Each structure stands twice: as C-alpha cells, then as structure tokens.
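Working notes, structure below.
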Amino acid sequence: MYAAPVKEILFVMKHLANIEGILSYPQFQEAGVDLETAEAILEEAAKLNQEVIAPINWPGDQTPSRLNDGIVTTSPGFKDAYQQYIAGGWQGVIHPQEYGGQGLPRVISTACQEMVNSASLSFALCPLLTDGAIEALLTAASDEVKEKYLPKMISGQWTGTMNLTEPQAGSDLALVRSKALPQADGTYKVFGTKIYITYGEHDFTENIIHLVLARTPDAPEGVKGISLFVVPKFLVSDSGELKERNDVHCVSIEHKLGIKASPTAVLQFGDQGGAIGYLVGQENRGLEYMFVMMNAARFAVGMQGIAISERAYQQAVTYAKDRVQGKDLEGSAQAVSIIHHPDVKKMLMTMRTQIEGARSLAYVAASHCDLSELSQDEKERQMHHGIYEFLVPIVKGYSTEMGVELASLGVQVHGGMGFIEETGAAQHYRDARILPIYEGTTAIQANDLIGRKTLKDGGRVAKVLAQMILDTEKELSQLNTEVAKVMQRRLKEAREGFEAVVEYILTNTKGHIKDVFAGSTTYLKLCGITLSGWQMARAILAIEKIKAEDEGFAQAKIATAHFFAAHLLVMVPALANAILEGGQATNALNIEHF
C-alpha cells in the first residue's frame with residue numbers, strides 16, 4: 001500500500017520551496033489560494049491516489065493493456081480510475097483558468113504529480129503526456145487551435161501525446177522523415193510512422209490529440225526543417241463536435257520490461273490517403289515548440305524517479321519491520337525484525353535520505369519556475385528562469401538514476417522475497433528502469449548540462465548556485481550543533497569540488513572536448529548530490545526554527561541530514577577528481593580494441 005508523505009511534502013513546500021512567497025502574488029490572493037488551500041489540495045490528492053489509483057498498480061502489471069483489431073483495452077480499473085481523476089479536476093491543476101484550468105503554481109502541481117506517480121507510474125503517464133501537449137499548444141498554437149483543443153484537454157475529456165521518435169530517428173531528431181503535405185484549405189496531410197508513443201491509443205477518452213513532428217516539402221535538412229502538427233484521432237468540427245476518424249492508426253503496442261499497463265504504441269499516419277494535420281505556430285520551428293513540451297516532460301519524469309523511490313522505500317520499510325530474522329548484535333535472546341540490523345538500516349537510510357534530498361531539489365526547481373513567471377522584475381525573472389533551466393536536467397537525470405538504484409535496494413531489503421513477483425518489490429525495479437532512458441537518456445541530460453547550461457552562459461548560473469551554497473554554509477556556522485558542523489564541512493568540500501569542475505569545463509572544452517564530455521554523467525551526479533545536500537543543509541536550518549512544534553519530526557529530519565552529509569556528500573570530492581583527471585583514461589582505448 002501507498003501512504004502519501006503529505007507532512008514531508010508540506011515541510012519542503014513551506015520551508016524550502018517558498019510556497020507562501022509564491023502564493024502572496026496578486027493572482028493567488030485574489031483567487032483566495034493560500035497555504036490552507038494548498039494543504040487541502042494535497043490531502044485530497046493523497047486520498048485519491050491512496051484509495052483509487054495505488055490499488056490498480058499491481059493488477060495493471062499482471063494484466064497489461066492489450067491490442068485487438070486496432071483497439072487498445074487498458075488494464076482492469078484504469079479507465080474508471082481515470083474518470084475519477086478527471087472528475088476531480090486534477091488534469092487542470094496548473095493550466096490557465098482561461099481554458100478551464102485552476103491556474104495553481106507549479107510547486108503545488110509538483111506535489112500532485114509526485115503522488116500520482118507513486119501510486120502508479122503506468123497510470124500517471126497519460127496525464128503527464130497530456131500536460132506536455134497542453135504546454136506546447138499554449139506556447140505556439142493559434143487562438144483557433146487553442147480554443148478548439150485546450151478546454152477538453154485541460155478537463156481531461158481528451159488526452160494528448162507527443163510523437164517524435166521514428167524507427168531510424170531516436171535521440172537524433174534531424175533524421176525525422178515523416179512528411180506533411182500542404183493542402184488548399186490550409187491543412188496538411190501527414191504521412192509516417194512514429195514509435196514509442198505513450199498512450200498513443202487507449203480507451204480512456206473519446207479523442208486523442210497527437211502532436212506530431214514532420215517535414216514539409218520545402219523544408220531544409222536537419223533539425224531546422226521540422227514542423228509541429230496537431231493530428232487528432234477524430235477530426236473536430238468548428239463547433240467542437242467529433243467528426244470522422246482521422247487517418248492515424250495503432251498498428252502494435254510494445255511488450256515491455258515494466259510500466260506494462262501503459263500502452264506504448266506504434267502509430268501509422270496516412271496509410272489511407274493522409275492524416276489531416278494542423279500546423280502549430282510557424283513551419284520549421286517544430287523542434288523549438290516541442291522542446292517546451294519535452295522540458296515539462298523531463299521535469300515530470302524526474303518526479304517519477306522520486307515517486308517510484310518513495311513507493312519502493314515505503315514497501316521496503318514495511319517488510320523490514322515485519323520480517324523477523326537473526327538476533328540483535330547487542331545480544332537479544334530472541335530473533336528481531338531485520339530493521340534492527342545495521343546493514344538493513346543503512347540501506348533504508350540511503351533510500352530515505354536520497355529521496356528527501358531529491359524531492360527538495362525538485363520542489364525548489366519548481367518554485368524557481370513559478371517565480372520566473374510571477375516576478376515583476378525582469379532581472380529576477382531571468383535569474384529564476386536560469387536556475388530552473390539549469391536544474392531540469394539534474395532533476396531528470398539524477399532522480400531517475402536514483403530511482404533505479406533505490407528500487408534495486410528495495411529488492412535487496414526483501415532478500416530472496418524481493419526477487420519473487422508476488423511481493424511487488426520487483427515491479428518497482430522494472431518500472432523504474434525506463435526512467436533514465438525516455439525523454440532523453442542520462443547522457444543526453446548530462447551533455448545538456450555541460451553544453452547549454454554551463455558553457456553557454458560561461459558558468460554564470462553555476463556560480464550563482466555556488467554562492468547560494470556558500471551562504472548556507474555561513475548560516476550553518478552559526479549553529480552550535482554537531483550535525484551542523486558535519487554538514488558545513490562536507491557541504492564546503494562538495495561546493496569546492498563543484499566549483500573546480502565548473503572551472504575545468506569552462507577552460508578545457510575548447511581544447512579537450514572529449515575529455516570534458518567523458519565526465520558529463522559524473523558531473524550530473526556530482527551536481528545532483530551537491531545540490532540535494534544543500535537542500536538537506538537548508539532543512540537543518542529550517543528545522544531549528546520549528547523543532548518545538550514536532551520534536552519527533554525534527555529529530556528524524558536532523559538524522560537524515562546527518563546521514564546525507566556523512567554518506568553521500570563525502571562522495572563529491574572523489575567524483576570531482578574522476579572528472580578532473582579521468583577524461584583521458586576514458587578515451588585511451590582505441591575503438592578496435594573493444
């Protein structure tokens with residue numbers, strides 16, 4: 001079973017992610033949205049996900065979605081759960097009120113996102129992709145297209161997909177071959193095959209709105225010649241009524257290692273004369289628009305890594321408390337539950353502390369995204385936007401790699417029973433394994449972190465973050481506690497390692513680019529640990545001010561921060577050395593010797 005960590009989430013939102021500052025802006029004040037409202041939303045989200053969505057996760061793994069004669073039937077209980085999900089307005093939490101959404105801040109929607117992903121990754125993928133499609137249309141679509149599609153997508157009456165990948169075009173979208181031929185009436189006829197389309201066909205809704213990358217006849221080669229099109233499953237009249245079926249069909253769904261209840265479709269466009277599509281924005285700017293969708297999706301996938309880690313952790317703790325095996329090292333006469341054994345406790349602490357750190361970092365990133373849109377000062381908006389953009393590949397890459405590692409630890413806590421499907425621990429491990437792959441592999445996130453997020457601005461945002469960490473170190477020095485001293489020392493070492501690596505990247509990429517990029521995923525991991533550790537340090541400072549309110553919670557928070565400093569932040573200097581000195585070693589072996 002799943003219990004949403006509402007108390008922990010509220011602590012992060014209130015004391016690390018500046019929720020009260022965000023809600024002080026006029027649009028939320030006028031709408032009557034305050035901290036009490038946020039708490040009520042979280043409680044309702046917890047109730048839905050615990051009682052409705054979490055119970056269908058295991059049955060969905062055992063009875064995956066299936067395709068028959070072009071029709072996909074989803075796993076038992078999924079369609080009904082989706083109807084309850086949209087009836088509560090959860091699809092529209094973050095989206096504009098103008099089109100029927102609730103217009104709430106991203107930091108609140110992030111909490112809702114985490115819960116639904118912990119409840120069931122397979123289920124959550126459908127609203128996740130719809131969110132991304134909505135973001136892309138809001139960014140670039142004409143008013144006519146927005147009015148026709150957005151209200152029903154935001155209500156959840158229709159869902160959305162993103163269609164990028166083709167058999168020959170995975171991460172390299174310059175190889176996209178799908179065609180879009182202009183018609184006299186201003187529409188386009190779309191032809192091509194798209195693969196790995198999450199919820200590309202399903203039985204949740206009456207219509208599915210596909211966002212498709214394709215090339216027009218005169219488009220230039222490469223990524224500069226890609227356009228974005230809306231291709232609905234059923235055509236829609238000017239009055240919003242459904243018309244005839246469009247020429248887009250599901251020809252197969254994938255048989256996968258995990259997230260089995262989520263139908264991953266191969267879609268064929270134009271086999272019967274051409275699928276009718278509508279241009280989004282301008283021709284040849286499709287990849288630019290799709291990146292808006294991909295950025296939203298990448299952050300959301302990072303939250304999936306955190307969410308699956310939380311689910312695996314909860315299950316491992318429950319098992320460790322119940323499973324009696326071995327005697328206590330301090331000499332008890334009777335066998336004890338395995339949570340008393342130091343190695344098991346270390347595994348559980350490793351899980352818990354990494355989750356707390358990664359969650360805090362993600363929510364802080366969400367708050368910077370909110371402030372990049374809310375702030376009245378242009379320089380402040382740019383600063384918050386820069387920090388959010390820097391953090392997105394870290395949230396995505398670090399949190400998803402963490403998800404695999406921690407789900408594996410969850411299996412290990414179960415011992416042999418973890419390898420048995422009936423316990424459910426193996427499902428989390430299998431489900432988590434896709435997360436570092438889709439929406440850009442960890443290497444793609446890491447290359448982005450170096451190229452677009454560190455080199456492009458000369459390390460400006462990285463240096464701003466380093467200064468913010470230094471400020472936290474100074475605050476820690478004012479606390480006369482052992483944990484604060486340990487944290488300050490380890491955080492200082494981590495910051496110095498981070499700064500050294502940033503300087504190395506800035507000064508060596510031009511002359512030794514392969515050596516620098518050989519350390520890209522290590523740099524991403526270094527950033528993930530350092531910045532998560534910074535949030536754990538900030539939590540120590542915050543808990544000092546409120547520990548009298550809940551002594552037990554405060555003691556646990558201090559203990560997890562201590563563990564993070566002692567067991568995780570200590571890795572950063574070694575990771576920094578691997579980057580600073582290891583590039584040549586990576587590239588030393590000739591290809592023919594592999």
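A note on labels: chains of the structure tokens are A, B, ... as shown, every chain counts residues from 1, and ligands are counted from 1 in their shown order.
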Per-residue nearest contacts of stretch 220-276 of chain A to stretch 143-151 of chain A (10 Å; only C-alpha atoms) as CSV:
residue,atom,partner,partner_atom,distance
A:Val230,CA,A:Val145,CA,8.6
A:Pro232,CA,A:Tyr149,CA,9.3
A:Val236,CA,A:Lys148,CA,7.9
A:Ser237,CA,A:Lys148,CA,8.6
A:Asp238,CA,A:Lys148,CA,7.4
A:Ser239,CA,A:Lys148,CA,8.2
A:Gly240,CA,A:Lys148,CA,6.3
A:Glu241,CA,A:Lys148,CA,9.7
8 Å contact set for stretch 467-483 of chain A, only C-alpha atoms, chain neighbours under 6 positions out, as a VMD selection string: chain A and resid 491 to 492 495 534 537 to 538 541 558 561 to 562
Shell around stretch 160-164 of chain A at 8 Å using only C-alpha atoms, local window under 6 positions removed, as number ranges by chain: A: 126, 129-134, 153, 173, 176, 194-195, 197-200, 208-213
12 Å contact set for A:Ala31, only C-alpha atoms, chain neighbours under 5 positions out, as a PyMOL selection string: chain A and resi 23-26+37+97+102-104
For A:Ala443: contacts at 10 Å, only C-alpha atoms, fewer than 5 positions along chain excluded, given as number ranges by chain: A: 393, 397, 436-437, 448-449, 517-522, 524
Pairwise distance for atom CA of A:Ser262 and atom CA of A:Ala124, rounded to one decimal in Å: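 Separation between atom CA of A:Ser262 and atom CA of A:Ala124: 8.9 Å.
Across the model, the gap from atom CA of A:Thr73 to atom CA of A:Ile306 is 28.8 Å.
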Exercise: stretch 80-94 of chain A partners within 7 Å, only C-alpha atoms, chain neighbours under 4 positions left out, as a list of chain:residue names: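 Counting only the stated atoms, we get A:Val52, A:Ile53, A:Gly101, A:Gln102, A:Gly103, A:Leu104, A:Pro105, A:Arg106, A:Ser109, A:Pro127, A:Ile154, A:Ser155, A:Gly156, A:Phe204.
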One-decimal distance in Å that lies between atom CA of A:Ala425 and atom CA of A:Glu114: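 Atom CA of A:Ala425 lies 18.8 Å from atom CA of A:Glu114.
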Alpha helix (DSSP H) positions in stretch 453-546 of chain A, given as a VMD selection string: chain A and resid 460 to 476 482 to 508 513 to 517 520 to 546
Contacts of A:Gln555 at 12 Å (only C-alpha atoms; same-chain gap of 4+ positions) as a list in words: Val483, Ala539, Ile540, Ile543, Glu544, Ile546, Lys547, Ala548, Glu549, Asp550, Glu551, Ala559, Thr560, Ala561 and His562 of chain A
Expected file contents, prior selection, C-alpha atoms, as an mmCIF file, in the first residue's frame:
data_model
loop_
_atom_site.group_PDB
_atom_site.id
_atom_site.type_symbol
_atom_site.label_atom_id
_atom_site.label_comp_id
_atom_site.auth_asym_id
_atom_site.auth_seq_id
_atom_site.Cartn_x
_atom_site.Cartn_y
_atom_site.Cartn_z
ATOM 1 C CA VAL A 483 25.273 17.775 12.878
ATOM 2 C CA ALA A 539 16.408 21.711 6.142
ATOM 3 C CA ILE A 540 18.687 21.681 9.220
ATOM 4 C CA ILE A 543 14.046 22.660 11.497
ATOM 5 C CA GLU A 544 15.923 24.619 14.162
ATOM 6 C CA ILE A 546 10.249 24.909 14.283
ATOM 7 C CA LYS A 547 11.559 21.862 16.176
ATOM 8 C CA ALA A 548 9.473 22.688 19.235
ATOM 9 C CA GLU A 549 6.314 22.161 17.150
ATOM 10 C CA ASP A 550 7.084 18.490 16.399
ATOM 11 C CA GLU A 551 10.111 17.094 18.155
ATOM 12 C CA ALA A 559 19.170 12.417 11.426
ATOM 13 C CA THR A 560 18.567 12.126 7.697
ATOM 14 C CA ALA A 561 20.543 15.309 7.006
ATOM 15 C CA HIS A 562 23.421 13.922 9.105
#
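Taking the backbone of this structure through DSSP, the residues of stretch 43-120 of chain A that come out as strand (DSSP E or B) are Arg66, Leu67, Asn68, Ile71, Val72 and Thr73 of chain A.
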Nearest to A:Gln354 by atom-to-atom distance, counting only C-alpha atoms, from A:Gly386, A:Gly403, A:Pro220, A:Pro167: A:Gly403
Selected residue, from A:Gln168, A:Thr509, A:Ser227, A:Ser309, that lies nearest to A:Thr350 when counting only C-alpha atoms: A:Ser309
Option closest in space to A:His202, from A:Ile579, A:Val72, A:Ala316, A:Ile41 [counting only C-alpha atoms]: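 Of A:Ile579, A:Val72, A:Ala316, A:Ile41, the one nearest A:His202 is A:Val72, counting only C-alpha atoms.
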